[in-house]
Each structure stands twice: as structure tokens, then as C-alpha cells.
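Student: Dropping in input-v5.csv, which is CSV, C-alpha atoms and all ligand atoms:
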chain,number,residue,atom,x,y,z
N,295,MET,CA,0.0,0.0,0.0
N,296,SER,CA,1.3,3.4,-0.8
N,297,ASP,CA,1.7,6.0,1.9
N,298,PRO,CA,-0.7,8.9,1.1
N,299,LEU,CA,1.5,11.4,2.9
N,300,ALA,CA,4.7,10.4,1.0
N,301,PHE,CA,4.5,13.6,-1.0
N,302,LEU,CA,5.5,15.5,2.1
N,303,ASP,CA,9.0,14.1,1.9
N,304,ASP,CA,9.3,15.4,-1.7
N,305,GLU,CA,7.9,18.8,-0.8
N,306,ILE,CA,10.3,19.1,2.2
N,307,ALA,CA,13.2,17.9,0.1
N,308,GLU,CA,12.4,20.5,-2.5
N,309,LEU,CA,12.2,23.3,0.1
N,310,ARG,CA,15.6,22.2,1.4
N,311,GLU,CA,17.1,22.1,-2.1
N,312,ARG,CA,15.9,25.6,-2.8
N,313,GLY,CA,17.2,26.8,0.6
N,314,LEU,CA,13.7,27.7,1.7
N,315,PHE,CA,13.3,25.2,4.5
N,316,ARG,CA,12.9,26.9,7.8
N,317,TRP,CA,12.7,25.9,11.4
N,318,PRO,CA,12.3,28.6,13.9
N,319,ARG,CA,14.9,29.2,16.6
N,320,GLU,CA,13.8,28.2,20.1
N,321,LEU,CA,13.2,31.0,22.7
N,322,GLN,CA,14.4,29.7,26.0
N,323,GLY,CA,12.7,31.8,28.7
N,324,GLU,CA,10.8,35.1,28.4
N,325,GLN,CA,10.4,37.2,25.4
N,326,ALA,CA,12.7,40.1,26.1
N,327,PRO,CA,14.9,42.8,24.5
N,328,VAL,CA,17.9,40.6,25.4
N,329,CYS,CA,17.1,36.9,25.7
N,330,VAL,CA,18.2,33.4,24.9
N,331,TYR,CA,17.5,31.6,21.6
N,332,ASP,CA,19.0,28.3,20.8
N,333,GLY,CA,21.2,28.5,23.8
N,334,ARG,CA,22.7,31.9,22.8
N,335,ARG,CA,22.1,35.2,24.6
N,336,VAL,CA,21.3,37.8,21.9
N,337,VAL,CA,20.1,41.3,21.4
N,338,ASN,CA,16.6,40.5,20.1
N,339,LEU,CA,15.7,42.6,17.0
N,340,CYS,CA,13.0,40.2,15.9
N,341,SER,CA,10.0,40.5,18.2
N,342,ASN,CA,6.9,42.7,17.9
N,343,ASN,CA,7.1,43.3,21.7
N,344,TYR,CA,7.3,47.0,20.8
N,345,LEU,CA,6.7,48.4,24.3
N,346,GLY,CA,8.5,45.6,26.2
N,347,LEU,CA,5.3,44.5,27.9
N,348,ALA,CA,5.5,40.8,27.3
N,349,SER,CA,7.1,40.3,30.7
N,350,HIS,CA,5.8,43.3,32.5
N,351,PRO,CA,4.9,42.6,36.2
N,352,ARG,CA,1.6,44.5,36.0
N,353,LEU,CA,0.4,42.4,33.0
N,354,LYS,CA,1.5,39.2,34.6
N,355,GLU,CA,-0.4,40.1,37.7
N,356,ALA,CA,-3.5,41.0,35.8
N,357,ALA,CA,-3.5,37.6,34.0
N,358,ARG,CA,-3.0,35.8,37.3
N,359,ARG,CA,-5.9,37.7,39.0
N,360,ALA,CA,-8.2,36.9,36.0
N,361,ILE,CA,-7.4,33.2,36.2
N,362,ASP,CA,-8.3,33.2,39.9
N,363,GLU,CA,-11.5,35.1,39.3
N,364,TYR,CA,-12.7,33.7,36.0
N,365,GLY,CA,-10.8,30.5,35.4
N,366,VAL,CA,-8.6,29.5,32.4
N,367,GLY,CA,-11.1,29.2,29.5
N,368,SER,CA,-14.3,30.7,28.2
N,369,GLY,CA,-15.8,27.3,27.4
N,370,ALA,CA,-17.5,28.2,24.2
N,371,VAL,CA,-17.4,30.3,21.0
N,372,ARG,CA,-18.4,33.9,21.6
N,373,THR,CA,-21.8,33.7,20.0
N,374,ILE,CA,-23.0,30.7,22.0
N,375,ALA,CA,-21.9,30.8,25.6
N,376,GLY,CA,-18.3,32.3,25.6
N,377,ASN,CA,-19.2,36.0,25.7
N,378,MET,CA,-17.6,37.0,29.1
N,379,THR,CA,-17.9,40.3,30.9
N,380,ILE,CA,-14.2,40.8,30.6
N,381,HIS,CA,-14.3,40.5,26.8
N,382,GLN,CA,-16.9,43.2,26.6
N,383,ALA,CA,-15.0,45.4,29.1
N,384,LEU,CA,-12.0,45.1,26.8
N,385,GLU,CA,-14.0,46.1,23.8
N,386,MET,CA,-15.3,49.2,25.4
N,387,ARG,CA,-11.8,50.2,26.3
N,388,LEU,CA,-10.6,49.5,22.7
N,389,ALA,CA,-13.4,51.6,21.2
N,390,ALA,CA,-12.6,54.5,23.5
N,391,PHE,CA,-8.9,54.1,22.7
N,392,LYS,CA,-9.5,54.1,18.9
N,393,ARG,CA,-12.2,56.9,19.3
N,394,THR,CA,-14.8,54.8,17.5
N,395,GLU,CA,-18.4,53.9,18.5
N,396,ALA,CA,-17.6,50.2,19.1
N,397,ALA,CA,-15.0,47.5,18.9
N,398,LEU,CA,-15.2,43.8,18.5
N,399,LEU,CA,-12.6,41.3,19.7
N,400,PHE,CA,-11.3,38.5,17.5
N,401,GLN,CA,-9.0,35.6,18.4
N,402,SER,CA,-6.1,37.2,16.5
N,403,GLY,CA,-5.3,39.9,14.1
N,404,PHE,CA,-5.3,37.3,11.4
N,405,THR,CA,-8.9,36.2,12.1
N,406,ALA,CA,-10.0,39.8,12.5
N,407,ASN,CA,-8.8,40.6,8.9
N,408,ALA,CA,-9.9,37.4,7.3
N,409,GLY,CA,-13.2,37.1,9.1
N,410,THR,CA,-14.2,40.7,8.5
N,411,VAL,CA,-13.3,40.9,4.8
N,412,ALA,CA,-15.1,37.6,4.2
N,413,ALA,CA,-18.2,38.7,6.1
N,414,ILE,CA,-18.7,42.1,4.4
N,415,LEU,CA,-17.9,41.0,0.8
N,416,GLY,CA,-19.2,38.4,-1.6
N,417,LYS,CA,-18.7,37.3,-5.2
N,418,GLU,CA,-20.4,40.4,-6.6
N,419,ASP,CA,-17.8,42.7,-4.9
N,420,VAL,CA,-14.3,44.0,-5.5
N,421,VAL,CA,-11.4,44.5,-3.2
N,422,VAL,CA,-8.8,47.2,-4.1
N,423,SER,CA,-5.7,46.1,-2.3
N,424,ASP,CA,-2.0,47.2,-1.9
N,425,GLU,CA,0.3,44.6,-3.3
N,426,LEU,CA,2.2,44.4,0.0
N,427,ASN,CA,-0.9,43.8,2.2
N,428,HIS,CA,-0.7,41.2,4.9
N,429,ALA,CA,-1.5,37.5,4.1
N,430,SER,CA,-4.6,37.6,6.4
N,431,ILE,CA,-6.1,40.3,4.1
N,432,ILE,CA,-5.3,38.2,1.1
N,433,ASP,CA,-6.9,35.2,2.6
N,434,GLY,CA,-10.0,37.2,3.6
N,435,CYS,CA,-10.3,38.3,0.0
N,436,ARG,CA,-10.0,34.7,-1.2
N,437,LEU,CA,-12.6,33.5,1.3
N,438,SER,CA,-15.1,36.3,0.3
N,439,GLY,CA,-14.9,35.3,-3.4
N,440,ALA,CA,-14.7,39.0,-4.3
N,441,GLU,CA,-12.6,40.0,-7.2
N,442,ARG,CA,-9.2,41.3,-6.1
N,443,LYS,CA,-7.7,44.3,-7.9
N,444,VAL,CA,-4.1,44.7,-6.6
N,445,PHE,CA,-2.3,48.1,-7.1
N,446,PRO,CA,1.5,48.6,-6.9
N,447,HIS,CA,2.7,49.5,-3.5
N,448,LYS,CA,1.3,52.9,-2.4
N,449,ASP,CA,0.5,53.9,-6.1
N,450,ILE,CA,-2.6,56.1,-5.6
N,451,ALA,CA,-3.1,56.7,-9.3
N,452,ALA,CA,-3.2,52.9,-9.9
N,453,ALA,CA,-5.6,52.5,-7.0
N,454,ARG,CA,-7.8,55.1,-8.7
N,455,ARG,CA,-7.8,53.2,-11.9
N,456,CYS,CA,-8.8,50.0,-10.0
N,457,LEU,CA,-11.8,52.0,-8.5
N,458,GLU,CA,-12.7,53.4,-11.9
N,459,ALA,CA,-12.8,49.9,-13.3
N,460,SER,CA,-15.1,48.7,-10.5
N,461,ARG,CA,-18.1,50.9,-11.0
N,462,THR,CA,-20.4,48.0,-11.7
N,463,ALA,CA,-19.5,46.1,-8.6
N,464,ARG,CA,-22.1,45.8,-5.8
N,465,ARG,CA,-19.6,46.9,-3.1
N,466,VAL,CA,-16.0,48.0,-3.2
N,467,LEU,CA,-13.5,47.7,-0.3
N,468,VAL,CA,-10.3,49.7,-0.3
N,469,ILE,CA,-7.8,48.0,2.0
N,470,THR,CA,-4.3,48.7,3.2
N,471,ASP,CA,-1.9,47.9,6.0
N,472,GLY,CA,-1.3,51.0,8.1
N,473,VAL,CA,2.4,50.1,8.6
N,474,PHE,CA,3.9,47.6,6.2
N,475,SER,CA,5.5,44.8,8.1
N,476,MET,CA,8.5,44.0,5.9
N,477,ASP,CA,9.5,47.6,5.0
N,478,GLY,CA,8.3,49.6,7.9
N,479,ASP,CA,6.7,52.4,5.8
N,480,LEU,CA,3.3,54.0,6.3
N,481,ALA,CA,0.3,53.7,4.0
N,482,ARG,CA,-0.7,56.8,2.1
N,483,LEU,CA,-3.9,56.6,4.1
N,484,ALA,CA,-5.2,60.2,3.6
N,485,ASP,CA,-5.1,59.8,-0.2
N,486,LEU,CA,-6.7,56.3,-0.1
N,487,ALA,CA,-9.4,57.4,2.3
N,488,SER,CA,-10.4,60.3,0.1
N,489,LEU,CA,-10.3,58.1,-3.0
N,490,ALA,CA,-12.6,55.6,-1.2
N,491,ARG,CA,-15.0,58.5,-0.3
N,492,GLU,CA,-15.0,59.8,-3.8
N,493,PHE,CA,-16.0,56.4,-5.2
N,494,GLY,CA,-18.4,55.5,-2.3
N,495,ALA,CA,-16.1,52.6,-1.3
N,496,ILE,CA,-15.5,51.1,2.1
N,497,MET,CA,-12.2,52.1,3.6
N,498,MET,CA,-10.4,49.6,5.9
N,499,VAL,CA,-6.9,49.8,7.4
N,500,ASP,CA,-4.9,47.0,9.2
N,501,ASP,CA,-3.0,48.7,12.0
N,502,ALA,CA,-1.4,45.6,13.4
N,503,HIS,CA,2.1,47.3,13.5
N,504,ALA,CA,0.7,50.7,14.1
N,505,SER,CA,-1.4,50.3,17.3
N,506,GLY,CA,0.7,51.2,20.3
N,507,VAL,CA,3.4,52.6,18.0
N,508,VAL,CA,2.1,55.3,15.6
N,509,GLY,CA,-0.1,58.3,16.2
N,510,ALA,CA,-0.7,60.2,19.4
N,511,GLY,CA,-1.0,57.8,22.3
N,512,GLY,CA,-0.2,54.9,19.9
N,513,ARG,CA,-3.8,55.1,18.5
N,514,GLY,CA,-2.6,54.2,15.0
N,515,THR,CA,-2.5,55.6,11.6
N,516,VAL,CA,-6.0,57.1,11.6
N,517,GLU,CA,-4.9,59.2,14.5
N,518,HIS,CA,-1.5,59.9,12.9
N,519,PHE,CA,-3.0,61.2,9.7
N,520,HIS,CA,-6.0,62.9,11.5
N,521,LEU,CA,-8.5,60.8,9.6
N,522,HIS,CA,-11.2,60.1,12.3
N,523,GLY,CA,-14.5,59.5,10.5
N,524,MET,CA,-12.8,58.8,7.2
N,525,VAL,CA,-11.9,55.2,7.8
N,526,ASP,CA,-14.8,52.8,8.2
N,527,ILE,CA,-13.0,49.8,9.5
N,528,GLN,CA,-9.8,49.7,11.6
N,529,VAL,CA,-8.2,46.4,12.6
N,530,GLY,CA,-5.7,46.2,15.4
N,531,THR,CA,-3.9,43.4,17.1
N,532,LEU,CA,-3.2,42.6,20.7
N,533,SER,CA,-0.4,40.3,19.7
N,534,LYS,CA,2.2,43.0,19.0
N,535,ALA,CA,2.6,46.1,21.2
N,536,TRP,CA,-0.1,44.7,23.5
N,537,ALA,CA,2.2,41.7,24.1
N,538,CYS,CA,-0.5,39.0,24.5
N,539,LEU,CA,-2.8,37.7,21.8
N,540,GLY,CA,-5.9,38.8,19.8
N,541,GLY,CA,-7.2,41.1,17.2
N,542,TYR,CA,-10.1,43.6,17.0
N,543,VAL,CA,-12.2,45.6,14.7
N,544,ALA,CA,-12.9,49.2,15.7
N,545,GLY,CA,-15.8,51.0,13.9
N,546,SER,CA,-19.4,51.8,14.1
N,547,GLY,CA,-21.9,50.1,16.3
N,548,ARG,CA,-23.8,48.6,13.3
N,549,LEU,CA,-20.5,47.2,11.9
N,550,VAL,CA,-19.9,45.4,15.2
N,551,GLU,CA,-23.4,44.1,15.4
N,552,TYR,CA,-23.2,42.8,11.9
N,553,LEU,CA,-19.8,41.1,12.4
N,554,MET,CA,-21.0,39.5,15.7
N,555,ASN,CA,-23.6,37.7,13.6
N,556,ARG,CA,-21.7,37.0,10.4
N,557,ALA,CA,-17.9,36.8,11.0
N,558,ARG,CA,-17.1,33.1,11.0
N,559,PRO,CA,-14.2,33.1,13.5
N,560,LEU,CA,-16.7,34.5,16.1
N,561,LEU,CA,-19.3,31.9,15.1
N,562,PHE,CA,-17.1,28.9,15.0
N,563,SER,CA,-14.0,29.4,17.1
N,564,THR,CA,-13.7,29.8,20.9
N,565,SER,CA,-13.2,33.1,22.5
N,566,HIS,CA,-10.1,34.2,24.4
N,567,PRO,CA,-9.3,32.8,27.9
N,568,PRO,CA,-10.2,35.6,30.3
N,569,SER,CA,-6.6,36.0,31.3
N,570,VAL,CA,-5.8,37.2,27.8
N,571,ALA,CA,-8.5,39.8,27.9
N,572,ALA,CA,-7.3,40.9,31.3
N,573,THR,CA,-3.7,41.2,30.0
N,574,ALA,CA,-4.8,43.3,27.2
N,575,ILE,CA,-6.8,45.7,29.5
N,576,ALA,CA,-3.7,46.0,31.7
N,577,ALA,CA,-1.6,46.8,28.6
N,578,LEU,CA,-4.0,49.5,27.6
N,579,ASP,CA,-3.9,50.9,31.2
N,580,LEU,CA,-0.2,51.0,31.0
N,581,ILE,CA,-0.1,52.6,27.5
N,582,GLU,CA,-2.5,55.3,28.6
N,583,ALA,CA,-0.8,55.9,31.9
N,584,GLU,CA,2.8,55.9,30.5
N,585,PRO,CA,3.0,57.6,27.1
N,586,ALA,CA,6.7,57.9,27.8
N,587,LEU,CA,7.0,54.2,26.8
N,588,ILE,CA,6.1,55.1,23.2
N,589,ASP,CA,8.5,58.1,23.3
N,590,ARG,CA,11.2,55.7,24.3
N,591,LEU,CA,10.4,53.4,21.5
N,592,TRP,CA,10.8,56.2,19.0
N,593,GLU,CA,14.0,57.5,20.6
N,594,ASN,CA,15.4,54.0,20.2
N,595,THR,CA,14.1,53.8,16.6
N,596,ARG,CA,15.8,57.1,15.7
N,597,PHE,CA,19.1,56.1,17.4
N,598,PHE,CA,19.2,52.7,15.7
N,599,LYS,CA,18.2,53.9,12.2
N,600,ALA,CA,20.8,56.6,12.3
N,601,GLY,CA,23.4,54.1,13.5
N,602,LEU,CA,22.6,51.7,10.6
N,603,ARG,CA,22.8,54.6,8.0
N,604,ASP,CA,26.0,55.9,9.5
N,605,LEU,CA,27.5,52.4,8.9
N,606,GLY,CA,26.5,52.8,5.3
N,607,TYR,CA,23.5,50.5,5.1
N,608,ASP,CA,20.5,51.0,2.9
N,609,THR,CA,17.4,51.0,5.2
N,610,GLY,CA,14.8,51.4,2.5
N,611,GLN,CA,11.7,53.5,3.0
N,612,SER,CA,11.1,52.8,6.7
N,613,GLU,CA,9.4,55.4,8.9
N,614,THR,CA,8.8,53.2,11.9
N,615,PRO,CA,10.6,50.9,14.4
N,616,ILE,CA,10.7,48.2,11.7
N,617,THR,CA,13.9,48.9,9.8
N,618,PRO,CA,15.0,46.6,6.9
N,619,VAL,CA,18.7,46.4,6.1
N,620,MET,CA,18.6,45.8,2.4
N,621,VAL,CA,20.9,43.1,1.0
N,622,GLY,CA,19.4,42.0,-2.3
N,623,ASP,CA,20.8,38.6,-2.8
N,624,GLU,CA,18.9,35.9,-0.9
N,625,ALA,CA,21.7,33.6,0.1
N,626,GLN,CA,23.7,36.6,1.3
N,627,ALA,CA,20.8,37.9,3.4
N,628,MET,CA,20.6,34.5,5.2
N,629,ARG,CA,24.3,34.3,5.7
N,630,PHE,CA,24.2,37.9,7.1
N,631,SER,CA,21.5,36.9,9.6
N,632,ASP,CA,23.3,33.7,10.6
N,633,SER,CA,26.6,35.6,11.2
N,634,LEU,CA,24.8,38.3,13.2
N,635,PHE,CA,23.3,35.6,15.4
N,636,GLU,CA,26.7,34.0,16.0
N,637,GLU,CA,27.9,37.4,17.2
N,638,GLY,CA,25.0,37.9,19.5
N,639,VAL,CA,22.4,39.8,17.5
N,640,PHE,CA,19.1,38.2,16.4
N,641,ALA,CA,17.7,39.8,13.2
N,642,LEU,CA,15.7,37.9,10.8
N,643,GLY,CA,16.8,37.2,7.2
N,644,ILE,CA,13.8,37.6,4.9
N,645,ALA,CA,13.8,36.5,1.3
N,646,TYR,CA,11.4,35.5,-1.5
N,647,PRO,CA,8.5,34.7,-1.3
N,648,THR,CA,7.9,36.9,1.7
N,649,VAL,CA,9.5,39.8,-0.2
N,650,PRO,CA,10.1,40.2,-4.0
N,651,ARG,CA,13.1,38.5,-5.6
N,652,GLY,CA,16.3,40.5,-5.4
N,653,LYS,CA,15.0,42.4,-2.4
N,654,ALA,CA,16.2,40.1,0.3
N,655,ARG,CA,17.0,41.8,3.6
N,656,VAL,CA,17.6,41.5,7.3
N,657,ARG,CA,14.7,43.0,9.2
N,658,THR,CA,15.2,44.7,12.5
N,659,ILE,CA,12.7,45.8,15.1
N,660,VAL,CA,13.7,47.8,18.1
N,661,THR,CA,11.6,48.1,21.2
N,662,ALA,CA,11.2,50.5,24.1
N,663,GLY,CA,12.8,47.8,26.3
N,664,HIS,CA,16.2,48.0,24.6
N,665,THR,CA,18.8,50.0,26.4
N,666,ARG,CA,21.2,52.3,24.5
N,667,ASP,CA,23.9,49.8,25.4
N,668,ASP,CA,22.0,46.9,23.8
N,669,LEU,CA,21.5,48.9,20.6
N,670,SER,CA,25.1,50.2,20.5
N,671,ARG,CA,26.3,46.6,20.9
N,672,ALA,CA,24.0,45.5,18.1
N,673,LEU,CA,25.3,48.3,15.8
N,674,GLU,CA,28.9,47.4,16.5
N,675,VAL,CA,28.1,43.8,15.4
N,676,PHE,CA,26.2,45.0,12.3
N,677,GLY,CA,29.3,47.0,11.4
N,678,ARG,CA,31.8,44.2,12.0
N,679,VAL,CA,29.7,41.4,10.3
N,680,GLY,CA,28.7,43.7,7.4
N,681,ARG,CA,32.3,44.6,6.6
N,682,GLY,CA,33.3,40.9,6.8
N,683,LEU,CA,30.7,40.0,4.2
N,684,GLY,CA,31.5,43.0,2.0
N,685,LEU,CA,28.1,44.6,2.5
N,686,ILE,CA,29.6,47.9,3.7
N,687,ARG,CA,33.0,49.4,3.7
B,1,LIG,C1,0.9,40.4,12.6
B,1,LIG,C2,0.0,41.0,11.6
B,1,LIG,C3,-1.3,40.5,11.5
B,1,LIG,C4,-1.8,39.3,12.4
B,1,LIG,O1,-1.9,39.7,13.7
B,1,LIG,P1,-2.0,38.5,14.8
B,1,LIG,O2,-2.6,39.1,15.9
B,1,LIG,O3,-0.6,38.1,15.0
B,1,LIG,O4,-2.8,37.4,14.2
B,1,LIG,C5,-2.2,41.1,10.7
B,1,LIG,N1,-1.8,42.1,9.9
B,1,LIG,C6,-0.5,42.6,9.9
B,1,LIG,C7,-0.1,43.7,9.0
B,1,LIG,C8,0.4,42.0,10.7
B,1,LIG,O5,1.6,42.5,10.7
Give the structure from this file in C-alpha cells form.
Ligand SMILES: *Cc1c(COP(=O)(O)O)cnc(C)c1O
Tutor:
Amino acid sequence: MSDPLAFLDDEIAELRERGLFRWPRELQGEQAPVCVYDGRRVVNLCSNNYLGLASHPRLKEAARRAIDEYGVGSGAVRTIAGNMTIHQALEMRLAAFKRTEAALLFQSGFTANAGTVAAILGKEDVVVSDELNHASIIDGCRLSGAERKVFPHKDIAAARRCLEASRTARRVLVITDGVFSMDGDLARLADLASLAREFGAIMMVDDAHASGVVGAGGRGTVEHFHLHGMVDIQVGTLSKAWACLGGYVAGSGRLVEYLMNRARPLLFSTSHPPSVAATAIAALDLIEAEPALIDRLWENTRFFKAGLRDLGYDTGQSETPITPVMVGDEAQAMRFSDSLFEEGVFALGIAYPTVPRGKARVRTIVTAGHTRDDLSRALEVFGRVGRGLGLIR
């Protein structure tokens, strides 16, 4: 009898041959600015723990208290019996934070995007989408059956042409990441939002990397560009700056009512353990009480970016704590990342298909938790290793 999963060996072998096989490094202990992966203590420039909250005592305490008070699980999907007081309390806080009428919690940013797009669009509809949008947006588009019109990265004239070609569609959704996760640049959200207005389209932004990072108080790109009232659907994540897990949609009350009835992740997948919601509330408390955390993140960002540029690196179009160090060649980017790791700096090598061919890079993310000393050490290693590989002089 033949083994029906035998093809996996071939697939894995092919990935290995093409140098695309990956197995993640093992984090031994807490997620922290300096921590241990694969037995080596490194300056960690890979996490989305922007504000250093993943190991914050106040968040840990909030999670522990919620476990004592509410147990470890919600016991059901949200729409059956798993709608807990603490979920709703978090949603009220998130709506106030985003300055919207309402907010709706999802299990992750991924399900928030995919579930929302698939719930509001169908086969009669069109999505106008930036080519660098996150995979969860792309999957949502696929699930919806809507036609996808992709415009080149941040090309507003091309987005307009997509909208002009969509006049016969039932509904049109214009969708973009707020901060692009591989390049660290910001969407041209004001231009897109007014385009959406002009064509009567729905405007949606995915602020996974912007929430807690960009805009006054870390409110995201809508706040940053002063676009309150111009963006119909804002997605945020609790998995990055919020340091725990989850996603949410912020928007109108009727949007939330509709999604609670139609978004399939809410209908068919269990809601968060109460400790996760409690952690997110504690994170929000902290972000509101200590805006200096965000200032510190940006001071570190400016310091590190300037350091990389002074070394002679090309840091692309980044405007946020995500800073790519452009390499070009894929094998070289991976070698660069490996050598940095050996010298005590963890920065991810990223190649095709995550980024276009010929645009391989090492991606760095600094956090508020890094000290100047951590970042200076990392820059010293970036200099030494880059000169060794002939990437800089
Ligand atoms: C990380 C990310 C998501 C997914 O968020 P999770 O909460 O980790 O599921 C969605 N969109 C973008 C742009 C992201 O970077």
C-alpha cells in the first residue's frame, strides 16, 4: 500500500534544495529585548514586543488575577456561551482608545482581517488592495470570493484606476496595511481614504504594526493622519505592542453588530481565555498611563536607524521601528542573519516569497525595552559582520 503522505518528503526535500526550508529558533525563557535563543544570549531585534510589555509585572499580575477570578477558559465560542464580561469590558476600552463607537474582539489579528473581509464582501464585490498587504487580508479576499484588484505599493493613481474599473461592482472595499510589516513604511492613508470617499467605497486599514506605536498615544495611523471619521473599519492586534494575543475591529456600532452575527471566526472558534483579555486591559492601562513608553520606542528607533545609516546600510523606506537592512541577494541575506546571530544579534533574514526576488533583507525591530547599550552593541556587530561580508566598507 502506498503512503498517502509520502509527497511530504518530496515537498520538504524540494524546500531544502531551494534553501527555503525553515525551522524557527527556540526561545528559552521570556520574550525580552535581550534573551536566549538556541542557547545563545542575543540582542533580540525580531520581536513585535514594541513596548516591552510581554514580561511586564503588571500584565502578569492582571493575568493571574483573572485566572483566579474567571478560570482559564471561556468554554465556548463567543456567539454561543463564551461571551464574558471581561471580553466586553476590553471592547469598550478599545473603542474608546480608537475613538470609535464600538470595537469587536477576535482571536487574532489574522482572524480579524480574514473574518471581517469575508463577512462584508461576496462574489459580486471588488477589493482594491495594496500589493504588500498582509497575508490575512489576502486570505480574507479569497474567502469572500470577491474580485481582487491589486495596485502597486502605495501607487494612488493605480488605486484610482482600480476603482474606476469597479463601478459596476455591488460593493468595493479599499484596504491597506497602516504600517507595512516588511518595509516599515506607512500607507498613504489620507489619499486612499479620500479616494474611497469619492467612489463610495468602504475604507479599511490594518493597523497591526501601528497600534501602540504610531499616532498620538499609539492610537494608530488614523490618529496619525487625522482621519477620524474617514476610515470605516480599523483592525488592530493585541499580539504585538499589546504583548499578548488577539485582534479587534474598531468602527461603528452597526458594523460590530453585523460582524458578531456574520464573522465566521466568532461563530465557529472559541473566544479568548479571560486572562488574555485581562492582560490586554492591563496593557491598555499602561499605554494610557505611561506615554513615555512610546516616546522611548521612538527614541530608540531614531538612534538605531541613524546608526545603521552611518554604517553605510540602505534602510529602505522605513518610517517606523521596523527597519529593513537591504541586502538584495537571498543567500547573502541569510548568511548575514546567521553571522549576526553568532555574534549575539538576532535579526531575521527575509527572502522570496515573503519579499520580492532581489529584495532580500535582514529585518530589525527595536523596542522600548532595549537600552542604549543593547543597541550600541548591536550596531557594533552590524558594522563588523557587514564589513566581513563586504556589504559595507
Ligand atoms: C501580525 C499581523 C497581523 C496578524 O496579527 P496576529 O494578531 O498576530 O494574528 C495582521 N496584519 C498585519 C499587517 C500584521 O503584521
Student: Counting all atoms listed in the file, figure out which residue out of N:Gln528, N:Ser612, N:Ser296, N:Gln401 gets nearest to Gly472 of chain N.
Tutor: N:Gln528
Student: With a cut-off of 6 Å, could you pull out the residues of chain N touching ligand LIG 1 (chain B) and give me the nearest pair of atoms for each, distance in Å to one decimal, using all atoms listed in the file, ordered by chain and ascending number, as JSON lines?
Tutor:
{"residue": "N:Ser402", "atom": "CA", "partner": "B:LIG1", "partner_atom": "O2", "distance": 4.0}
{"residue": "N:Gly403", "atom": "CA", "partner": "B:LIG1", "partner_atom": "O2", "distance": 3.3}
{"residue": "N:Phe404", "atom": "CA", "partner": "B:LIG1", "partner_atom": "O4", "distance": 3.8}
{"residue": "N:His428", "atom": "CA", "partner": "B:LIG1", "partner_atom": "C7", "distance": 4.8}
{"residue": "N:Asp471", "atom": "CA", "partner": "B:LIG1", "partner_atom": "C7", "distance": 5.5}
{"residue": "N:Ser475", "atom": "CA", "partner": "B:LIG1", "partner_atom": "O5", "distance": 5.2}
{"residue": "N:Asp500", "atom": "CA", "partner": "B:LIG1", "partner_atom": "C7", "distance": 5.8}
{"residue": "N:Ala502", "atom": "CA", "partner": "B:LIG1", "partner_atom": "C6", "distance": 4.7}
{"residue": "N:His503", "atom": "CA", "partner": "B:LIG1", "partner_atom": "O5", "distance": 5.6}
{"residue": "N:Thr531", "atom": "CA", "partner": "B:LIG1", "partner_atom": "O2", "distance": 4.6}
{"residue": "N:Leu532", "atom": "CA", "partner": "B:LIG1", "partner_atom": "O2", "distance": 6.0}
{"residue": "N:Ser533", "atom": "CA", "partner": "B:LIG1", "partner_atom": "O2", "distance": 4.6}
{"residue": "N:Gly540", "atom": "CA", "partner": "B:LIG1", "partner_atom": "O2", "distance": 5.1}
{"residue": "N:Gly541", "atom": "CA", "partner": "B:LIG1", "partner_atom": "O2", "distance": 5.2}
Student: Using only C-alpha atoms, which residues sit within 12 Å of segment 374-376 of chain N once same-chain residues fewer than 4 positions away are excluded, as a list of chain:residue names?
Tutor: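 Within the cut-off, the hits are N:Tyr364, N:Gly367, N:Ser368, N:Gly369, N:Ala370, N:Ile380, N:His381, N:Gln382, N:Met554, N:Asn555, N:Leu560, N:Leu561, N:Phe562, N:Ser563, N:Thr564, N:Ser565, N:His566, N:Pro567, N:Pro568.
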Student: Quick one: residues within 10 Å of Arg558 of chain N, only C-alpha atoms counted, chain neighbours fewer than 4 positions away excluded, as a PyMOL selection string?
Tutor: chain N and resi 405-406+408-410+412-413+553-554+562-563
Student: Give me the residues within 10 Å of Arg596 of chain N as a list in words, counting all atoms listed in the file and dropping any in the same chain fewer than 4 places off.
Tutor: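 Using all atoms listed in the file, the neighbours found are Arg590, Leu591, Trp592, Ala600, Gly601, Glu613, Thr614, Pro615 and Val660 of chain N.
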Student: My list of candidates is N:Asp485, N:Asp424, N:Asp419, N:Asp332. Which is closest to Arg436 of chain N when distances are computed with all atoms listed in the file?
Tutor: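 Distance minimum relative to Arg436 of chain N lands on N:Asp419.
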Student: Please list as a list in words every residue within 12 Å of Val675 of chain N, counting all atoms listed in the file and excluding residues in the same chain fewer than 3 positions away.
Tutor: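 Once the adjacent positions are removed, what remains is Val336, Val337, Gly601, Leu602, Leu605, Phe630, Ser631, Ser633, Leu634, Phe635, Glu636, Glu637, Gly638, Val639, Phe640, Ala641, Asp668, Leu669, Ser670, Arg671, Ala672, Arg678, Val679, Gly680, Arg681 and Gly682 of chain N.
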Student: Quick check, in Å to one decimal: how far apart do atom CA of Ala440 of chain N and atom CA of Ala490 of chain N lie?
Tutor: 17.0 Å
Student: Which residues are close to Phe493 of chain N, i.e. within 10 Å by all atoms listed in the file, leaving aside same-chain residues fewer than 6 positions away? Reply as number ranges by chain.
Tutor: N: 454, 457-458, 460-461, 466
Student: Which residue out of N:Met524, N:Gly439, N:Arg312, N:Arg655 has the minimum interatomic distance to Glu492 of chain N when only C-alpha atoms are used?
Tutor: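 Smallest distance to Glu492 of chain N is found for N:Met524.
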Student: Counting only C-alpha atoms, which residue out of N:Gln322, N:Asn427, N:Thr394, N:Asn377 sits closest to Val473 of chain N?
Tutor: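 Closest to Val473 of chain N, using only C-alpha atoms: N:Asn427.
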Student: Please indicate the distance in Å from atom CA of Ala429 of chain N to atom CA of Leu642 of chain N, rounded to one decimal place.
Tutor: 18.5 Å
Student: Between atom CA of Ala396 of chain N and atom CA of Ser423 of chain N, what distance in Å does the model show, to one decimal?
Tutor: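 Separation of atom CA of Ala396 of chain N and atom CA of Ser423 of chain N: 24.8 Å.
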Student: So, counting all atoms listed in the file, which residue among N:Ala326, N:Ala645, N:Ile469, N:Ala452 is closest to Ile431 of chain N?
Tutor: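 Selected residue with least distance to Ile431 of chain N: N:Ile469.
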Student: Just checking: using only C-alpha atoms, which residue out of N:Val656, N:Cys435, N:Asp579, N:Phe301 ends up closest to Asp608 of chain N?
Tutor: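 Of all the options, N:Val656 lies closest to Asp608 of chain N.
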Student: Residues of segment 545-616 of chain N that approach segment 510-523 of chain N to 8 Å or less, counting all atoms listed in the file: could you list each one with the shortest pair of atoms and its distance in Å to one decimal, rows by chain and increasing residue number, as CSV?
Tutor:
residue,atom,partner,partner_atom,distance
N:Ile581,CA,N:Gly511,CA,7.4
N:Glu582,CA,N:Gly511,CA,6.9
N:Pro585,CA,N:Gly511,CA,6.3
N:Ile588,CA,N:Gly512,CA,7.1
